[in-house]
>>> print(open('data-v6.cif').read())   # mmCIF, C-alpha atoms
data_work
#
loop_
_atom_site.group_PDB
_atom_site.id
_atom_site.type_symbol
_atom_site.label_atom_id
_atom_site.label_comp_id
_atom_site.auth_asym_id
_atom_site.auth_seq_id
_atom_site.Cartn_x
_atom_site.Cartn_y
_atom_site.Cartn_z
ATOM 1 C CA MET S 1 66.421 61.991 124.936
ATOM 2 C CA ASN S 2 63.362 59.751 124.962
ATOM 3 C CA LYS S 3 60.179 60.112 122.940
ATOM 4 C CA GLN S 4 58.220 61.876 125.688
ATOM 5 C CA GLN S 5 61.012 64.391 126.300
ATOM 6 C CA LEU S 6 61.138 65.134 122.598
ATOM 7 C CA PHE S 7 57.386 65.734 122.476
ATOM 8 C CA GLU S 8 57.523 67.929 125.606
ATOM 9 C CA ASN S 9 60.153 70.091 123.927
ATOM 10 C CA ILE S 10 57.994 70.365 120.819
ATOM 11 C CA LYS S 11 55.088 71.568 122.964
ATOM 12 C CA LYS S 12 57.270 74.011 124.900
ATOM 13 C CA LYS S 13 58.790 75.596 121.806
ATOM 14 C CA GLN S 14 55.712 75.247 119.605
ATOM 15 C CA SER S 15 58.073 73.923 116.972
ATOM 16 C CA PHE S 16 59.210 70.705 115.352
ATOM 17 C CA LEU S 17 61.909 72.380 113.276
ATOM 18 C CA CYS S 18 65.299 70.797 112.727
ATOM 19 C CA VAL S 19 68.009 73.069 111.343
ATOM 20 C CA GLY S 20 70.309 71.210 108.990
ATOM 21 C CA LEU S 21 73.933 72.228 109.397
ATOM 22 C CA ASP S 22 75.013 71.448 105.824
ATOM 23 C CA THR S 23 77.943 73.821 106.124
ATOM 24 C CA ASP S 24 79.904 74.264 102.895
ATOM 25 C CA ILE S 25 83.153 76.255 103.130
ATOM 26 C CA LYS S 26 82.425 77.583 99.614
ATOM 27 C CA LYS S 27 79.021 78.985 100.583
ATOM 28 C CA ILE S 28 79.577 80.655 103.948
ATOM 29 C CA PRO S 29 80.050 84.449 104.104
ATOM 30 C CA GLU S 30 83.516 85.476 102.979
ATOM 31 C CA HIS S 31 84.372 87.426 106.102
ATOM 32 C CA LEU S 32 84.319 84.186 108.097
ATOM 33 C CA LEU S 33 87.215 82.768 106.084
ATOM 34 C CA LYS S 34 89.527 84.907 108.217
ATOM 35 C CA GLU S 35 88.507 82.901 111.312
ATOM 36 C CA GLU S 36 90.740 80.157 112.676
ATOM 37 C CA ASP S 37 87.890 77.665 112.179
ATOM 38 C CA PRO S 38 85.447 79.181 109.642
ATOM 39 C CA ILE S 39 83.051 76.218 109.697
ATOM 40 C CA PHE S 40 82.660 76.266 113.459
ATOM 41 C CA ALA S 41 82.396 80.075 113.513
ATOM 42 C CA PHE S 42 79.533 79.858 111.003
ATOM 43 C CA ASN S 43 77.797 77.024 112.872
ATOM 44 C CA LYS S 44 78.113 78.742 116.249
ATOM 45 C CA ALA S 45 76.490 81.915 114.927
ATOM 46 C CA ILE S 46 73.703 79.978 113.198
ATOM 47 C CA ILE S 47 73.010 77.916 116.323
ATOM 48 C CA ASP S 48 72.872 80.956 118.606
ATOM 49 C CA ALA S 49 70.436 82.675 116.234
ATOM 50 C CA THR S 50 68.120 79.714 115.584
ATOM 51 C CA ALA S 51 68.090 77.787 118.886
ATOM 52 C CA PRO S 52 64.949 79.524 120.240
ATOM 53 C CA TYR S 53 62.950 78.339 117.223
ATOM 54 C CA CYS S 54 64.032 74.735 116.682
ATOM 55 C CA ILE S 55 64.163 71.483 118.610
ATOM 56 C CA ALA S 56 66.940 69.716 116.705
ATOM 57 C CA TYR S 57 70.120 70.180 114.704
ATOM 58 C CA LYS S 58 71.265 67.877 111.917
ATOM 59 C CA PRO S 59 74.866 68.225 110.824
ATOM 60 C CA ASN S 60 75.397 66.348 107.565
ATOM 61 C CA LEU S 61 78.696 64.459 107.837
ATOM 62 C CA ALA S 62 79.553 64.779 104.142
ATOM 63 C CA PHE S 63 80.091 68.516 104.503
ATOM 64 C CA TYR S 64 82.595 67.981 107.321
ATOM 65 C CA GLU S 65 84.335 64.901 105.954
ATOM 66 C CA SER S 66 85.008 66.818 102.720
ATOM 67 C CA MET S 67 87.541 68.895 104.682
ATOM 68 C CA GLY S 68 89.386 65.984 106.247
ATOM 69 C CA VAL S 69 90.672 66.365 109.794
ATOM 70 C CA LYS S 70 89.775 70.063 109.922
ATOM 71 C CA GLY S 71 86.188 69.234 109.083
ATOM 72 C CA TRP S 72 85.965 66.532 111.743
ATOM 73 C CA ILE S 73 87.326 68.939 114.337
ATOM 74 C CA ALA S 74 84.698 71.518 113.349
ATOM 75 C CA PHE S 75 82.001 68.836 113.553
ATOM 76 C CA GLU S 76 83.071 67.724 117.032
ATOM 77 C CA LYS S 77 83.280 71.327 118.250
ATOM 78 C CA THR S 78 79.794 71.974 116.849
ATOM 79 C CA VAL S 79 78.315 68.975 118.630
ATOM 80 C CA GLU S 80 79.981 69.916 121.910
ATOM 81 C CA TYR S 81 78.800 73.527 121.590
ATOM 82 C CA ILE S 82 75.174 72.435 121.151
ATOM 83 C CA LYS S 83 75.353 69.975 124.045
ATOM 84 C CA THR S 84 76.950 72.503 126.392
ATOM 85 C CA ASN S 85 74.878 75.572 125.548
ATOM 86 C CA TYR S 86 71.567 74.150 124.306
ATOM 87 C CA PRO S 87 71.155 70.760 126.024
ATOM 88 C CA ASP S 88 67.464 70.573 125.111
ATOM 89 C CA GLN S 89 68.328 70.240 121.419
ATOM 90 C CA PHE S 90 68.077 66.810 119.768
ATOM 91 C CA ILE S 91 71.240 66.164 117.733
ATOM 92 C CA ILE S 92 71.080 64.060 114.576
ATOM 93 C CA ALA S 93 74.264 62.852 112.904
ATOM 94 C CA ASP S 94 73.194 62.653 109.271
ATOM 95 C CA ALA S 95 75.744 60.008 108.341
ATOM 96 C CA LYS S 96 73.659 57.358 106.533
ATOM 97 C CA ARG S 97 75.858 54.581 107.849
ATOM 98 C CA GLY S 98 75.172 50.850 107.544
ATOM 99 C CA ASP S 99 77.508 47.933 106.899
ATOM 100 C CA ILE S 100 78.132 44.371 108.070
ATOM 101 C CA GLY S 101 77.610 43.931 111.790
ATOM 102 C CA ASN S 102 81.130 44.453 113.140
ATOM 103 C CA THR S 103 81.588 47.564 110.977
ATOM 104 C CA SER S 104 78.223 49.016 112.004
ATOM 105 C CA ALA S 105 79.242 48.405 115.615
ATOM 106 C CA MET S 106 82.238 50.707 115.056
ATOM 107 C CA TYR S 107 80.052 53.375 113.468
ATOM 108 C CA ALA S 108 77.715 53.116 116.455
ATOM 109 C CA ARG S 109 80.645 53.452 118.834
ATOM 110 C CA THR S 110 81.779 56.597 117.022
ATOM 111 C CA PHE S 111 78.481 58.434 117.282
ATOM 112 C CA PHE S 112 77.019 57.066 120.508
ATOM 113 C CA GLU S 113 80.095 56.541 122.700
ATOM 114 C CA GLU S 114 82.812 58.864 121.420
ATOM 115 C CA LEU S 115 80.552 61.759 120.413
ATOM 116 C CA ASN S 116 77.494 60.932 122.567
ATOM 117 C CA ILE S 117 75.070 62.112 119.880
ATOM 118 C CA ASP S 118 71.335 61.428 120.230
ATOM 119 C CA SER S 119 70.737 59.769 116.878
ATOM 120 C CA VAL S 120 72.239 58.715 113.571
ATOM 121 C CA THR S 121 70.730 58.112 110.150
ATOM 122 C CA VAL S 122 71.198 54.526 108.959
ATOM 123 C CA ALA S 123 70.783 52.878 105.548
ATOM 124 C CA PRO S 124 68.757 49.621 105.753
ATOM 125 C CA TYR S 125 69.795 48.017 102.456
ATOM 126 C CA MET S 126 72.064 45.389 104.089
ATOM 127 C CA GLY S 127 69.362 44.269 106.505
ATOM 128 C CA GLU S 128 68.980 43.501 110.189
ATOM 129 C CA ASP S 129 72.570 42.783 111.208
ATOM 130 C CA SER S 130 73.692 46.112 109.717
ATOM 131 C CA VAL S 131 71.154 48.045 111.828
ATOM 132 C CA THR S 132 70.922 46.258 115.180
ATOM 133 C CA PRO S 133 74.391 47.332 116.440
ATOM 134 C CA PHE S 134 73.055 50.889 116.576
ATOM 135 C CA LEU S 135 70.075 49.730 118.644
ATOM 136 C CA THR S 136 72.091 48.407 121.584
ATOM 137 C CA TYR S 137 72.561 51.879 123.091
ATOM 138 C CA GLU S 138 69.938 52.905 125.625
ATOM 139 C CA GLY S 139 68.476 56.335 125.028
ATOM 140 C CA LYS S 140 69.844 56.567 121.476
ATOM 141 C CA TRP S 141 67.885 56.589 118.230
ATOM 142 C CA VAL S 142 68.270 55.002 114.820
ATOM 143 C CA ILE S 143 66.727 57.041 112.008
ATOM 144 C CA LEU S 144 66.228 54.585 109.172
ATOM 145 C CA LEU S 145 66.015 55.667 105.547
ATOM 146 C CA ALA S 146 62.559 54.762 104.253
ATOM 147 C CA LEU S 147 61.293 57.033 101.465
ATOM 148 C CA THR S 148 63.613 59.846 100.464
ATOM 149 C CA SER S 149 62.947 63.104 98.635
ATOM 150 C CA ASN S 150 65.436 62.747 95.793
ATOM 151 C CA LYS S 151 64.557 61.856 92.198
ATOM 152 C CA GLY S 152 66.394 58.539 92.467
ATOM 153 C CA SER S 153 63.994 57.313 95.148
ATOM 154 C CA HIS S 154 61.928 55.928 92.260
ATOM 155 C CA ASP S 155 64.767 53.624 91.197
ATOM 156 C CA PHE S 156 64.385 51.226 94.146
ATOM 157 C CA GLN S 157 62.217 52.543 96.970
ATOM 158 C CA LEU S 158 58.980 52.659 94.988
ATOM 159 C CA THR S 159 59.416 49.386 93.104
ATOM 160 C CA ALA S 160 56.840 46.743 94.021
ATOM 161 C CA ASP S 161 57.058 42.965 94.354
ATOM 162 C CA THR S 162 54.591 40.505 92.804
ATOM 163 C CA GLU S 163 52.127 41.124 95.656
ATOM 164 C CA GLY S 164 52.232 44.888 95.206
ATOM 165 C CA GLU S 165 54.316 45.695 98.286
ATOM 166 C CA ARG S 166 56.735 48.521 97.566
ATOM 167 C CA LEU S 167 60.303 48.328 98.856
ATOM 168 C CA PHE S 168 59.909 51.235 101.282
ATOM 169 C CA GLU S 169 56.834 49.495 102.733
ATOM 170 C CA LYS S 170 58.836 46.309 103.211
ATOM 171 C CA VAL S 171 61.528 48.320 105.023
ATOM 172 C CA LEU S 172 58.925 49.853 107.349
ATOM 173 C CA ARG S 173 57.279 46.533 108.165
ATOM 174 C CA LYS S 174 60.428 44.443 108.568
ATOM 175 C CA SER S 175 62.327 46.990 110.658
ATOM 176 C CA GLN S 176 59.590 47.010 113.289
ATOM 177 C CA GLU S 177 60.779 43.513 114.204
ATOM 178 C CA TRP S 178 64.094 45.070 115.259
ATOM 179 C CA ALA S 179 62.951 48.102 117.258
ATOM 180 C CA ASN S 180 59.944 50.200 118.265
ATOM 181 C CA ASP S 181 58.813 53.813 118.245
ATOM 182 C CA GLU S 182 60.892 54.547 121.353
ATOM 183 C CA ASN S 183 64.223 54.096 119.598
ATOM 184 C CA MET S 184 63.606 54.138 115.853
ATOM 185 C CA MET S 185 62.461 56.879 113.505
ATOM 186 C CA TYR S 186 62.218 56.967 109.711
ATOM 187 C CA VAL S 187 63.399 59.381 107.043
ATOM 188 C CA VAL S 188 60.540 60.385 104.738
ATOM 189 C CA GLY S 189 61.068 63.167 102.219
ATOM 190 C CA ALA S 190 58.711 66.147 102.306
ATOM 191 C CA THR S 191 58.266 65.974 98.542
ATOM 192 C CA GLN S 192 56.441 62.633 98.840
ATOM 193 C CA GLY S 193 53.154 64.407 99.682
ATOM 194 C CA ARG S 194 50.181 62.086 100.121
ATOM 195 C CA MET S 195 52.510 59.101 100.385
ATOM 196 C CA PHE S 196 52.599 59.982 104.091
ATOM 197 C CA GLU S 197 49.115 58.450 104.297
ATOM 198 C CA ASP S 198 50.476 55.078 103.203
ATOM 199 C CA ILE S 199 53.398 55.389 105.606
ATOM 200 C CA ARG S 200 51.167 56.178 108.577
ATOM 201 C CA LYS S 201 49.132 53.032 107.911
ATOM 202 C CA ILE S 202 52.269 51.022 108.664
ATOM 203 C CA VAL S 203 54.000 53.191 111.291
ATOM 204 C CA PRO S 204 51.210 55.194 112.942
ATOM 205 C CA ASN S 205 53.190 56.240 116.022
ATOM 206 C CA HIS S 206 56.819 56.589 114.937
ATOM 207 C CA PHE S 207 58.540 59.924 114.593
ATOM 208 C CA LEU S 208 59.461 60.804 111.012
ATOM 209 C CA LEU S 209 62.467 62.922 110.087
ATOM 210 C CA VAL S 210 61.300 64.938 107.108
ATOM 211 C CA PRO S 211 63.879 66.656 104.892
ATOM 212 C CA GLY S 212 62.943 68.538 101.754
ATOM 213 C CA VAL S 213 60.991 71.531 103.120
ATOM 214 C CA GLY S 214 62.397 74.796 101.831
ATOM 215 C CA ALA S 215 64.957 74.672 99.038
ATOM 216 C CA GLN S 216 63.728 71.264 97.805
ATOM 217 C CA GLY S 217 60.143 72.486 97.545
ATOM 218 C CA GLY S 218 58.322 70.250 100.020
ATOM 219 C CA SER S 219 55.083 71.586 101.521
ATOM 220 C CA LEU S 220 54.931 71.884 105.311
ATOM 221 C CA GLU S 221 51.133 72.002 105.209
ATOM 222 C CA GLU S 222 50.913 68.803 103.189
ATOM 223 C CA VAL S 223 53.415 67.009 105.419
ATOM 224 C CA CYS S 224 51.387 67.956 108.496
ATOM 225 C CA LYS S 225 48.042 67.100 106.922
ATOM 226 C CA TYR S 226 49.064 63.546 106.077
ATOM 227 C CA GLY S 227 51.906 62.854 108.510
ATOM 228 C CA MET S 228 51.174 64.484 111.879
ATOM 229 C CA THR S 229 50.091 62.327 114.824
ATOM 230 C CA LYS S 230 48.565 63.173 118.217
ATOM 231 C CA GLU S 231 52.169 63.445 119.506
ATOM 232 C CA CYS S 232 53.232 65.477 116.470
ATOM 233 C CA GLY S 233 55.382 62.626 115.173
ATOM 234 C CA LEU S 234 57.375 64.904 112.892
ATOM 235 C CA ILE S 235 60.815 66.485 112.897
ATOM 236 C CA VAL S 236 60.921 68.673 109.804
ATOM 237 C CA ASN S 237 64.347 69.677 108.568
ATOM 238 C CA SER S 238 65.299 72.813 106.708
ATOM 239 C CA SER S 239 68.910 73.455 105.764
ATOM 240 C CA ARG S 240 69.797 75.783 102.897
ATOM 241 C CA ALA S 241 66.670 77.954 103.150
ATOM 242 C CA ILE S 242 67.721 78.947 106.668
ATOM 243 C CA ILE S 243 71.501 78.797 106.936
ATOM 244 C CA TYR S 244 72.207 80.399 103.545
ATOM 245 C CA ALA S 245 69.396 82.949 103.572
ATOM 246 C CA ASP S 246 71.985 85.747 103.664
ATOM 247 C CA LYS S 247 75.700 85.979 102.853
ATOM 248 C CA THR S 248 76.513 89.292 104.500
ATOM 249 C CA GLU S 249 77.695 89.944 108.043
ATOM 250 C CA ASN S 250 74.003 89.784 109.013
ATOM 251 C CA PHE S 251 73.778 86.127 107.980
ATOM 252 C CA ALA S 252 73.017 84.825 111.481
ATOM 253 C CA LYS S 253 70.327 87.412 112.162
ATOM 254 C CA VAL S 254 68.607 86.602 108.874
ATOM 255 C CA ALA S 255 68.883 82.856 109.551
ATOM 256 C CA GLY S 256 67.189 83.422 112.902
ATOM 257 C CA GLU S 257 64.397 85.360 111.224
ATOM 258 C CA GLU S 258 63.865 82.585 108.681
ATOM 259 C CA ALA S 259 63.790 79.959 111.432
ATOM 260 C CA GLN S 260 61.267 82.044 113.347
ATOM 261 C CA LYS S 261 59.006 82.214 110.269
ATOM 262 C CA VAL S 262 59.027 78.422 110.001
ATOM 263 C CA GLN S 263 58.426 78.077 113.746
ATOM 264 C CA GLN S 264 55.379 80.339 113.494
ATOM 265 C CA GLN S 265 53.973 78.176 110.683
ATOM 266 C CA MET S 266 54.595 75.082 112.775
ATOM 267 C CA SER S 267 52.899 76.624 115.771
ATOM 268 C CA GLU S 268 49.758 77.032 113.672
ATOM 269 C CA GLN S 269 49.920 73.379 112.595
ATOM 270 C CA LEU S 270 50.360 72.213 116.190
ATOM 271 C CA LYS S 271 47.101 73.848 117.281
ATOM 272 C CA ALA S 272 45.278 70.872 115.796
ATOM 273 C CA ILE S 273 46.798 68.451 118.349
ATOM 274 C CA LEU S 274 47.730 70.540 121.402
#
>>> encode(input="data-v6.cif", output="structure tokens")
Amino acid sequence: MNKQQLFENIKKKQSFLCVGLDTDIKKIPEHLLKEEDPIFAFNKAIIDATAPYCIAYKPNLAFYESMGVKGWIAFEKTVEYIKTNYPDQFIIADAKRGDIGNTSAMYARTFFEELNIDSVTVAPYMGEDSVTPFLTYEGKWVILLALTSNKGSHDFQLTADTEGERLFEKVLRKSQEWANDENMMYVVGATQGRMFEDIRKIVPNHFLLVPGVGAQGGSLEEVCKYGMTKECGLIVNSSRAIIYADKTENFAKVAGEEAQKVQQQMSEQLKAIL
């Protein structure tokens, strides 16, 4: 999916919502534990209920890898289900990979050849040769960690050099030598608020994947005020606030209702650019 197709889908659905599939076997409704594959059964129901209101899904690999082979099977079935039944959805493998070049090449092969996923999150700490293997695949996206929403982001990302350039700013500037806004996005946490202004000075046209709205307390209005571009430029993720909104047999229905509420808020924000 290219940048224009992504924007067209945002306009069509009046949404830039990404539903995070952070599926924890210990948090899903108990009645699903009787299923042959409880994780996939949960994901399938959530996807069917939320697909009309979102433009992307982001399964977080840690939640699947924690279950070994069974988790990987559920992950692969989830990806295939989205691709088969909702082909307009942008799929993000939230894997935060990044290693020396030949290892990154294997990670890229996993997600872009074997699984044929649209995008993968990548950690930039090891530099260019750890990122470029992911950029060799036409039509695929690297989503580079830039400024995250967790407390520990202050430990490294916000530290400045002697000229006052903060580490996340260096990542944004340097990485533009490797790719452009047609195949690279950046992760920027919703809790960073007005920091989006500083980010947009460096990457005015890139899409930003924005976690942290919902359970982590990020403000959608603030993200849009400081981060939205004339092509929207945002994919805002919500995970727990949607998928765990209810633990009864009505969990999927309630998740759909929560996703619709977010979509309606996003539709209001999009009026400024559409």
>>> residues_around(input="data-v6.cif", residues="range 93-103 of chain S", least_positions_apart="5", cutoff="9 Å", atoms="only C-alpha atoms", output="ChimeraX atom specification")
/S:57-62,108,111,117-133,143-145
>>> axis_aligned_box(input="data-v6.cif", around="range 181-189 of chain S", padding_each_side="3 Å", output="lines of an AutoDock Vina configuration file")
center_x = 61.5
center_y = 58.5
center_z = 111.8
size_x = 11.4
size_y = 15.4
size_z = 25.1
>>> closest_residue(input="data-v6.cif", among="S:Thr84, S:Thr136, S:Ser238, S:Thr162", to="Glu258 in chain S", atoms="only C-alpha atoms")
S:Ser238
>>> atom_distance(input="data-v6.cif", atom1="CA of Arg166 in chain S", atom2="CA of Asp181 in chain S")
21.4 Å
>>> atom_distance(input="data-v6.cif", atom1="CA of Phe40 in chain S", atom2="CA of Gly212 in chain S")
24.2 Å
>>> atom_distance(input="data-v6.cif", atom1="CA of Lys27 in chain S", atom2="CA of Thr78 in chain S")
17.7 Å
>>> residues_around(input="data-v6.cif", residues="Lys151 in chain S", least_positions_apart="5", cutoff="12 Å", atoms="all atoms listed in the file", output="CSV table (one decimal) with C-alpha atoms, in the coordinates of the input")
chain,number,residue,atom,x,y,z
S,156,PHE,CA,64.4,51.2,94.1
S,157,GLN,CA,62.2,52.5,97.0
S,158,LEU,CA,59.0,52.7,95.0
S,189,GLY,CA,61.1,63.2,102.2
S,191,THR,CA,58.3,66.0,98.5
S,192,GLN,CA,56.4,62.6,98.8
S,212,GLY,CA,62.9,68.5,101.8
S,216,GLN,CA,63.7,71.3,97.8
>>> closest_residue(input="data-v6.cif", among="S:Asn43, S:Gln89, S:Asn9, S:Gln4", to="Ile242 in chain S", atoms="all atoms listed in the file")
S:Asn43
>>> resolve_selection(input="data-v6.cif", expression="the PyMOL selection byres ((chain S and resi 260) around 10)", output="CSV table (one decimal) with C-alpha atoms, in the frame of the given file")
chain,number,residue,atom,x,y,z
S,15,SER,CA,58.1,73.9,117.0
S,17,LEU,CA,61.9,72.4,113.3
S,49,ALA,CA,70.4,82.7,116.2
S,50,THR,CA,68.1,79.7,115.6
S,51,ALA,CA,68.1,77.8,118.9
S,52,PRO,CA,64.9,79.5,120.2
S,53,TYR,CA,63.0,78.3,117.2
S,54,CYS,CA,64.0,74.7,116.7
S,242,ILE,CA,67.7,78.9,106.7
S,254,VAL,CA,68.6,86.6,108.9
S,255,ALA,CA,68.9,82.9,109.6
S,256,GLY,CA,67.2,83.4,112.9
S,257,GLU,CA,64.4,85.4,111.2
S,258,GLU,CA,63.9,82.6,108.7
S,259,ALA,CA,63.8,80.0,111.4
S,261,LYS,CA,59.0,82.2,110.3
S,262,VAL,CA,59.0,78.4,110.0
S,263,GLN,CA,58.4,78.1,113.7
S,264,GLN,CA,55.4,80.3,113.5
S,265,GLN,CA,54.0,78.2,110.7
S,266,MET,CA,54.6,75.1,112.8
>>> closest_residue(input="data-v6.cif", among="S:Thr229, S:Thr248, S:Gln5, S:Ser239", to="Phe196 in chain S", atoms="all atoms listed in the file")
S:Thr229
>>> resolve_selection(input="data-v6.cif", expression="the PyMOL selection byres ((chain S and resi 82) around 10)", output="PDB file with C-alpha atoms, in the frame of the given file")
ATOM      1  CA  ASN S  43      77.797  77.024 112.872  1.00  0.00           C
ATOM      2  CA  LYS S  44      78.113  78.742 116.249  1.00  0.00           C
ATOM      3  CA  ILE S  47      73.010  77.916 116.323  1.00  0.00           C
ATOM      4  CA  ASP S  48      72.872  80.956 118.606  1.00  0.00           C
ATOM      5  CA  ALA S  51      68.090  77.787 118.886  1.00  0.00           C
ATOM      6  CA  ALA S  56      66.940  69.716 116.705  1.00  0.00           C
ATOM      7  CA  TYR S  57      70.120  70.180 114.704  1.00  0.00           C
ATOM      8  CA  LYS S  77      83.280  71.327 118.250  1.00  0.00           C
ATOM      9  CA  THR S  78      79.794  71.974 116.849  1.00  0.00           C
ATOM     10  CA  VAL S  79      78.315  68.975 118.630  1.00  0.00           C
ATOM     11  CA  GLU S  80      79.981  69.916 121.910  1.00  0.00           C
ATOM     12  CA  TYR S  81      78.800  73.527 121.590  1.00  0.00           C
ATOM     13  CA  LYS S  83      75.353  69.975 124.045  1.00  0.00           C
ATOM     14  CA  THR S  84      76.950  72.503 126.392  1.00  0.00           C
ATOM     15  CA  ASN S  85      74.878  75.572 125.548  1.00  0.00           C
ATOM     16  CA  TYR S  86      71.567  74.150 124.306  1.00  0.00           C
ATOM     17  CA  PRO S  87      71.155  70.760 126.024  1.00  0.00           C
ATOM     18  CA  ASP S  88      67.464  70.573 125.111  1.00  0.00           C
ATOM     19  CA  GLN S  89      68.328  70.240 121.419  1.00  0.00           C
ATOM     20  CA  PHE S  90      68.077  66.810 119.768  1.00  0.00           C
ATOM     21  CA  ILE S  91      71.240  66.164 117.733  1.00  0.00           C
TER      22      ILE S  91
END
>>> residues_around(input="data-v6.cif", residues="Asn183 in chain S", least_positions_apart="4", cutoff="12 Å", atoms="all atoms listed in the file", output="list in words")
Met1, Asn2, Lys3, Gln4, Leu6, Asp118, Ser119, Val120, Thr132, Phe134, Leu135, Thr136, Tyr137, Glu138, Gly139, Lys140, Trp141, Val142, Ile143, Leu144, Ser175, Gln176, Trp178, Ala179, Asn205, His206, Phe207 and Leu208 of chain S
>>> residues_around(input="data-v6.cif", residues="Ile199 in chain S", least_positions_apart="2", cutoff="9 Å", atoms="all atoms listed in the file", output="mmCIF file with C-alpha atoms, keeping the file's coordinate frame")
data_model
loop_
_atom_site.group_PDB
_atom_site.id
_atom_site.type_symbol
_atom_site.label_atom_id
_atom_site.label_comp_id
_atom_site.auth_asym_id
_atom_site.auth_seq_id
_atom_site.Cartn_x
_atom_site.Cartn_y
_atom_site.Cartn_z
ATOM 1 C CA PHE S 168 59.909 51.235 101.282
ATOM 2 C CA GLU S 169 56.834 49.495 102.733
ATOM 3 C CA LEU S 172 58.925 49.853 107.349
ATOM 4 C CA VAL S 188 60.540 60.385 104.738
ATOM 5 C CA MET S 195 52.510 59.101 100.385
ATOM 6 C CA PHE S 196 52.599 59.982 104.091
ATOM 7 C CA GLU S 197 49.115 58.450 104.297
ATOM 8 C CA LYS S 201 49.132 53.032 107.911
ATOM 9 C CA ILE S 202 52.269 51.022 108.664
ATOM 10 C CA VAL S 203 54.000 53.191 111.291
ATOM 11 C CA PRO S 204 51.210 55.194 112.942
ATOM 12 C CA GLY S 227 51.906 62.854 108.510
#
>>> resolve_selection(input="data-v6.cif", expression="the PyMOL selection byres ((chain S and resi 235) around 7)", output="compact mmCIF listing (two decimals) with C-alpha atoms, in the frame of the given file")
# COMPACT_ATOMS: atom_id res chain seq x y z
CA PHE S 16 59.21 70.70 115.35
CA LEU S 17 61.91 72.38 113.28
CA CYS S 18 65.30 70.80 112.73
CA LEU S 208 59.46 60.80 111.01
CA LEU S 209 62.47 62.92 110.09
CA VAL S 210 61.30 64.94 107.11
CA LEU S 234 57.38 64.90 112.89
CA VAL S 236 60.92 68.67 109.80
CA ASN S 237 64.35 69.68 108.57
>>> residues_near_point(input="data-v6.cif", point="(82.4, 67.9, 104.2)", cutoff="9 Å", atoms="all atoms listed in the file", output="VMD selection string")
chain S and resid 22 to 25 60 to 68 71 to 72
>>> closest_residue(input="data-v6.cif", among="S:Phe7, S:Tyr226, S:Phe112, S:Phe251", to="Glu182 in chain S", atoms="only C-alpha atoms")
S:Phe7
>>> closest_residue(input="data-v6.cif", among="S:Glu35, S:Ser219, S:Leu274, S:Glu113", to="Glu231 in chain S", atoms="all atoms listed in the file")
S:Leu274
>>> build_atoms(input="data-v6.cif", residues="range 118-127 of chain S", atoms="N, CA, C and O atoms", output="mmCIF file, in the coordinates of the input")
data_model
loop_
_atom_site.group_PDB
_atom_site.id
_atom_site.type_symbol
_atom_site.label_atom_id
_atom_site.label_comp_id
_atom_site.auth_asym_id
_atom_site.auth_seq_id
_atom_site.Cartn_x
_atom_site.Cartn_y
_atom_site.Cartn_z
ATOM 1 N N ASP S 118 72.636 62.047 119.961
ATOM 2 C CA ASP S 118 71.335 61.428 120.230
ATOM 3 C C ASP S 118 70.927 60.384 119.196
ATOM 4 O O ASP S 118 70.263 59.397 119.532
ATOM 5 N N SER S 119 71.276 60.622 117.931
ATOM 6 C CA SER S 119 70.737 59.769 116.878
ATOM 7 C C SER S 119 71.648 59.788 115.663
ATOM 8 O O SER S 119 72.466 60.705 115.481
ATOM 9 N N VAL S 120 71.474 58.778 114.819
ATOM 10 C CA VAL S 120 72.239 58.715 113.571
ATOM 11 C C VAL S 120 71.342 58.138 112.484
ATOM 12 O O VAL S 120 70.515 57.251 112.740
ATOM 13 N N THR S 121 71.472 58.665 111.279
ATOM 14 C CA THR S 121 70.730 58.112 110.150
ATOM 15 C C THR S 121 71.448 56.864 109.651
ATOM 16 O O THR S 121 72.676 56.813 109.572
ATOM 17 N N VAL S 122 70.648 55.835 109.318
ATOM 18 C CA VAL S 122 71.198 54.526 108.959
ATOM 19 C C VAL S 122 70.519 54.029 107.686
ATOM 20 O O VAL S 122 69.300 54.146 107.532
ATOM 21 N N ALA S 123 71.320 53.465 106.774
ATOM 22 C CA ALA S 123 70.783 52.878 105.548
ATOM 23 C C ALA S 123 70.426 51.414 105.796
ATOM 24 O O ALA S 123 71.247 50.666 106.332
ATOM 25 N N PRO S 124 69.228 50.972 105.418
ATOM 26 C CA PRO S 124 68.757 49.621 105.753
ATOM 27 C C PRO S 124 69.049 48.560 104.707
ATOM 28 O O PRO S 124 68.686 47.404 104.894
ATOM 29 N N TYR S 125 69.704 48.912 103.611
ATOM 30 C CA TYR S 125 69.795 48.017 102.456
ATOM 31 C C TYR S 125 70.425 46.669 102.796
ATOM 32 O O TYR S 125 70.054 45.648 102.230
ATOM 33 N N MET S 126 71.377 46.644 103.753
ATOM 34 C CA MET S 126 72.064 45.389 104.089
ATOM 35 C C MET S 126 71.337 44.570 105.155
ATOM 36 O O MET S 126 71.798 43.514 105.555
ATOM 37 N N GLY S 127 70.196 45.076 105.640
ATOM 38 C CA GLY S 127 69.362 44.269 106.505
ATOM 39 C C GLY S 127 69.648 44.355 107.988
ATOM 40 O O GLY S 127 70.400 45.228 108.454
#
